[in-house]
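Shown next, in C-alpha cells, is the structure this report addresses.
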Amino acid sequence: MGRELKECWVSKAGARKKPWGEEIGWSGPNFLCSKIIRIKEGHRTSLKKYRIKNESFYVASGSVLVLFGNEDTNQGDKLSEAVIQEGDVFNVPSGCPYRLTAIEDSLLFEVSNHNENSEVVWEDDYDRE
C-alpha cells in the first residue's frame with residue numbers, strides 16, 4: 001500500500017468587493033487561508049465571531065480600531081477596544097467576537113486556519129447577513 005504523494009500547485013486568488021473595502025483571498029494546504037484586506041477610512045467590518053475559525057491580522061499600513069471580547073462575551077456586552085497600527089498583530093481565537101474600524105485607509109493581512117462558513121454576525125452596518 002503506497003502513501004499519498006504531496007505536490008505543489010499554482011492557483012489564482014479571488015477578489016471580493018465589500019461595502020467597507022475589498023478582500024483578496026486564497027487557500028493553501030491543511031485549511032490554511034490568507035487574505036489581503038483593504039478597509040476604507042471611516043468604514044468597519046461586521047461585529048462577528050466564528051465558531052471554528054481562528055484568525056491573525058497583521059497591519060501593513062494604516063490604523064484600525066478593534067473592538068473585541070472573549071469566548072464568554074454575549075451579544076450586547078461591553079467590548080474591549082484597542083488601536084492597532086502598522087506592524088501590529090491582532091489575534092482572534094474561535095468564539096471571540098470582534099470588529100475592525102479603519103481610522104484611516106488601512107491594509108491588513110489575515111491568516112486563518114479554516115475557511116468554513118462558521119460566522120455568527122451580531123451587527124452589520126450594511127444590512128448583510
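Here's how to read the names in the C-alpha cells: chain A, B, ... by the order shown, residue numbers from 1 in each chain, ligand numbers from 1 in the order shown.
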Can you tell me, as a tab-separated table (two decimals) with N, CA, C and O atoms, in the first residue's frame, which residues in range 7-96 of chain A count as strand (DSSP E) by DSSP?
chain	number	residue	atom	x	y	z
A	14	GLY	N	-8.84	35.05	-5.22
A	14	GLY	CA	-10.15	35.60	-5.56
A	14	GLY	C	-10.36	36.95	-4.88
A	14	GLY	O	-10.12	37.09	-3.69
A	15	ALA	N	-10.80	37.94	-5.65
A	15	ALA	CA	-11.06	39.28	-5.11
A	15	ALA	C	-12.56	39.45	-4.89
A	15	ALA	O	-13.36	39.01	-5.72
A	16	ARG	N	-12.91	40.06	-3.77
A	16	ARG	CA	-14.32	40.34	-3.46
A	16	ARG	C	-14.44	41.77	-2.95
A	16	ARG	O	-13.77	42.15	-1.99
A	17	LYS	N	-15.28	42.54	-3.62
A	17	LYS	CA	-15.58	43.89	-3.15
A	17	LYS	C	-16.49	43.77	-1.93
A	17	LYS	O	-17.37	42.92	-1.89
A	18	LYS	N	-16.25	44.62	-0.96
A	18	LYS	CA	-17.08	44.70	0.24
A	18	LYS	C	-17.53	46.14	0.38
A	18	LYS	O	-16.86	47.05	-0.12
A	21	GLY	N	-14.65	48.03	1.73
A	21	GLY	CA	-13.35	47.95	1.05
A	21	GLY	C	-13.30	46.74	0.14
A	21	GLY	O	-14.17	46.54	-0.69
A	22	GLU	N	-12.26	45.90	0.32
A	22	GLU	CA	-12.14	44.69	-0.50
A	22	GLU	C	-11.27	43.65	0.17
A	22	GLU	O	-10.46	43.97	1.05
A	23	GLU	N	-11.47	42.40	-0.24
A	23	GLU	CA	-10.65	41.27	0.21
A	23	GLU	C	-10.11	40.54	-1.01
A	23	GLU	O	-10.82	40.35	-1.99
A	24	ILE	N	-8.87	40.13	-0.92
A	24	ILE	CA	-8.29	39.23	-1.91
A	24	ILE	C	-7.85	38.01	-1.12
A	24	ILE	O	-7.04	38.11	-0.19
A	25	GLY	N	-8.41	36.85	-1.42
A	25	GLY	CA	-8.15	35.66	-0.61
A	25	GLY	C	-7.71	34.46	-1.42
A	25	GLY	O	-7.98	34.36	-2.61
A	26	TRP	N	-7.02	33.55	-0.73
A	26	TRP	CA	-6.59	32.30	-1.34
A	26	TRP	C	-6.42	31.26	-0.25
A	26	TRP	O	-6.29	31.58	0.93
A	27	SER	N	-6.44	29.99	-0.65
A	27	SER	CA	-6.31	28.88	0.29
A	27	SER	C	-5.04	28.10	0.00
A	27	SER	O	-4.57	28.05	-1.13
A	33	CYS	N	-5.72	29.53	5.17
A	33	CYS	CA	-6.32	30.55	4.32
A	33	CYS	C	-5.66	31.89	4.58
A	33	CYS	O	-5.30	32.19	5.72
A	34	SER	N	-5.53	32.70	3.56
A	34	SER	CA	-4.91	34.01	3.67
A	34	SER	C	-5.74	35.04	2.93
A	34	SER	O	-6.39	34.72	1.94
A	35	LYS	N	-5.68	36.29	3.41
A	35	LYS	CA	-6.38	37.39	2.74
A	35	LYS	C	-5.55	38.65	2.84
A	35	LYS	O	-4.83	38.87	3.81
A	36	ILE	N	-5.69	39.48	1.82
A	36	ILE	CA	-5.26	40.87	1.87
A	36	ILE	C	-6.54	41.66	2.02
A	36	ILE	O	-7.48	41.50	1.23
A	37	ILE	N	-6.62	42.49	3.04
A	37	ILE	CA	-7.85	43.21	3.35
A	37	ILE	C	-7.59	44.71	3.29
A	37	ILE	O	-6.66	45.20	3.93
A	38	ARG	N	-8.40	45.40	2.52
A	38	ARG	CA	-8.34	46.87	2.46
A	38	ARG	C	-9.63	47.40	3.07
A	38	ARG	O	-10.73	47.04	2.61
A	39	ILE	N	-9.51	48.26	4.09
A	39	ILE	CA	-10.67	48.88	4.72
A	39	ILE	C	-10.54	50.39	4.52
A	39	ILE	O	-9.52	50.98	4.86
A	47	LEU	N	-19.66	43.18	13.18
A	47	LEU	CA	-19.30	42.66	14.51
A	47	LEU	C	-19.69	41.19	14.46
A	47	LEU	O	-20.85	40.85	14.23
A	48	LYS	N	-18.70	40.32	14.62
A	48	LYS	CA	-18.94	38.89	14.39
A	48	LYS	C	-18.00	38.04	15.23
A	48	LYS	O	-17.07	38.53	15.85
A	49	LYS	N	-18.28	36.75	15.19
A	49	LYS	CA	-17.37	35.75	15.73
A	49	LYS	C	-17.48	34.51	14.86
A	49	LYS	O	-18.42	34.39	14.07
A	50	TYR	N	-16.51	33.64	14.97
A	50	TYR	CA	-16.53	32.39	14.24
A	50	TYR	C	-16.53	31.23	15.23
A	50	TYR	O	-15.79	31.25	16.22
A	55	GLU	N	-8.16	33.42	13.65
A	55	GLU	CA	-7.61	34.39	12.71
A	55	GLU	C	-6.47	35.18	13.34
A	55	GLU	O	-6.46	35.39	14.55
A	56	SER	N	-5.57	35.64	12.49
A	56	SER	CA	-4.49	36.52	12.91
A	56	SER	C	-4.34	37.59	11.84
A	56	SER	O	-4.26	37.29	10.65
A	57	PHE	N	-4.37	38.87	12.28
A	57	PHE	CA	-4.30	40.01	11.38
A	57	PHE	C	-3.00	40.77	11.59
A	57	PHE	O	-2.64	41.07	12.73
A	58	TYR	N	-2.33	41.11	10.51
A	58	TYR	CA	-1.12	41.93	10.54
A	58	TYR	C	-1.46	43.25	9.84
A	58	TYR	O	-1.98	43.23	8.72
A	59	VAL	N	-1.17	44.37	10.48
A	59	VAL	CA	-1.43	45.67	9.87
A	59	VAL	C	-0.22	46.09	9.05
A	59	VAL	O	0.86	46.36	9.60
A	60	ALA	N	-0.37	46.11	7.72
A	60	ALA	CA	0.72	46.51	6.83
A	60	ALA	C	0.80	48.03	6.72
A	60	ALA	O	1.89	48.59	6.60
A	61	SER	N	-0.37	48.69	6.76
A	61	SER	CA	-0.39	50.15	6.73
A	61	SER	C	-1.72	50.62	7.30
A	61	SER	O	-2.71	49.90	7.28
A	63	SER	N	-4.26	52.51	10.32
A	63	SER	CA	-4.58	52.48	11.75
A	63	SER	C	-6.01	51.98	11.89
A	63	SER	O	-6.91	52.47	11.21
A	64	VAL	N	-6.21	51.02	12.78
A	64	VAL	CA	-7.50	50.35	12.91
A	64	VAL	C	-7.92	50.28	14.37
A	64	VAL	O	-7.11	49.89	15.23
A	65	LEU	N	-9.16	50.65	14.65
A	65	LEU	CA	-9.74	50.45	15.98
A	65	LEU	C	-10.35	49.06	16.00
A	65	LEU	O	-11.15	48.72	15.13
A	66	VAL	N	-9.95	48.24	16.98
A	66	VAL	CA	-10.53	46.91	17.11
A	66	VAL	C	-11.38	46.86	18.38
A	66	VAL	O	-10.95	47.31	19.43
A	67	LEU	N	-12.58	46.35	18.23
A	67	LEU	CA	-13.44	46.02	19.36
A	67	LEU	C	-13.38	44.51	19.49
A	67	LEU	O	-13.46	43.80	18.48
A	68	PHE	N	-13.27	44.00	20.71
A	68	PHE	CA	-13.12	42.57	20.87
A	68	PHE	C	-13.58	42.10	22.25
A	68	PHE	O	-13.62	42.87	23.21
A	80	SER	N	-13.96	45.26	24.75
A	80	SER	CA	-12.69	45.97	24.92
A	80	SER	C	-12.32	46.62	23.60
A	80	SER	O	-12.83	46.22	22.54
A	81	GLU	N	-11.45	47.62	23.64
A	81	GLU	CA	-11.01	48.23	22.39
A	81	GLU	C	-9.53	48.56	22.46
A	81	GLU	O	-8.96	48.76	23.53
A	82	ALA	N	-8.93	48.57	21.28
A	82	ALA	CA	-7.51	48.91	21.14
A	82	ALA	C	-7.31	49.47	19.73
A	82	ALA	O	-8.08	49.17	18.83
A	83	VAL	N	-6.28	50.27	19.58
A	83	VAL	CA	-5.90	50.76	18.25
A	83	VAL	C	-4.66	50.00	17.83
A	83	VAL	O	-3.68	49.91	18.58
A	84	ILE	N	-4.74	49.41	16.63
A	84	ILE	CA	-3.58	48.71	16.08
A	84	ILE	C	-3.09	49.49	14.87
A	84	ILE	O	-3.88	50.07	14.13
A	85	GLN	N	-1.76	49.53	14.72
A	85	GLN	CA	-1.14	50.31	13.65
A	85	GLN	C	-0.12	49.46	12.92
A	85	GLN	O	0.11	48.30	13.27
A	89	VAL	N	-0.03	43.13	15.37
A	89	VAL	CA	-0.76	41.90	15.07
A	89	VAL	C	-1.93	41.79	16.04
A	89	VAL	O	-1.78	42.05	17.23
A	90	PHE	N	-3.08	41.40	15.53
A	90	PHE	CA	-4.30	41.20	16.32
A	90	PHE	C	-4.73	39.76	16.11
A	90	PHE	O	-5.00	39.35	14.99
A	91	ASN	N	-4.78	38.97	17.19
A	91	ASN	CA	-5.13	37.56	17.12
A	91	ASN	C	-6.54	37.33	17.66
A	91	ASN	O	-6.89	37.84	18.72
A	92	VAL	N	-7.32	36.53	16.93
A	92	VAL	CA	-8.71	36.26	17.30
A	92	VAL	C	-8.96	34.75	17.35
A	92	VAL	O	-9.09	34.11	16.30
Can you tell me, as a PDB file with C-alpha atoms, in the first residue's frame, what residues are no more than 10 Å from Pro29 in chain A when counting only C-alpha atoms, ignoring any on the same chain fewer than 4 positions away?
ATOM      1  CA  LYS A   6       2.226  15.615  -1.757  1.00  0.00           C
ATOM      2  CA  CYS A   8       2.956  21.827  -5.074  1.00  0.00           C
ATOM      3  CA  TRP A   9       0.360  23.735  -7.059  1.00  0.00           C
ATOM      4  CA  CYS A  33      -6.325  30.551   4.319  1.00  0.00           C
ATOM      5  CA  ASN A 113      -6.890  28.022   9.834  1.00  0.00           C
TER       6      ASN A 113
END
(request) Calculate how many Å separate CA of Gly69 in chain A from CA of Tyr98 in chain A, rounding to one decimal. (result)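 Taking CA of Gly69 in chain A and CA of Tyr98 in chain A, their separation equals 6.6 Å.
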(message) If I take CA of Gly76 in chain A and CA of Gly95 in chain A, how far is one from the other in Å, to one decimal?
(response) 15.2 Å
(request) Work out how far CA of Glu71 in chain A is from CA of Arg44 in chain A, in Å to one decimal. (result)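 Computing it gives 21.4 Å between the two atoms.
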(message) Would you pick out the contacts of Arg51 in chain A at 10 Å or less, using only C-alpha atoms, so that residues sharing its chain but fewer than 2 positions from it are not included, and give the list as a list in words?
(response)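 After dropping sequence-adjacent residues, the list is Lys49, Lys53, Asn54, Glu71, Pro93, Ser94, Gly95, Cys96, Pro97, Glu116, Asn117, Ser118, Glu119 and Val120 of chain A.
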(message) Excluding Asp125 in chain A and its own-chain neighbours fewer than 4 positions away, which residues fall within 9 Å of it when counting only C-alpha atoms? Please give them as a list of chain:residue names.
(response)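 In the requested form, the answer reads A:His43, A:Arg44, A:Thr45, A:Ser46.
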Can you spit out the residues from that selection as a compact mmCIF listing (two decimals), in the first residue's frame, using C-alpha atoms?
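The result, written out as selection_9.txt:
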# COMPACT_ATOMS: atom_id res chain seq x y z
CA HIS A 43 -15.72 52.12 7.45
CA ARG A 44 -15.95 49.00 9.56
CA THR A 45 -16.49 45.28 9.23
CA SER A 46 -19.41 43.49 10.80
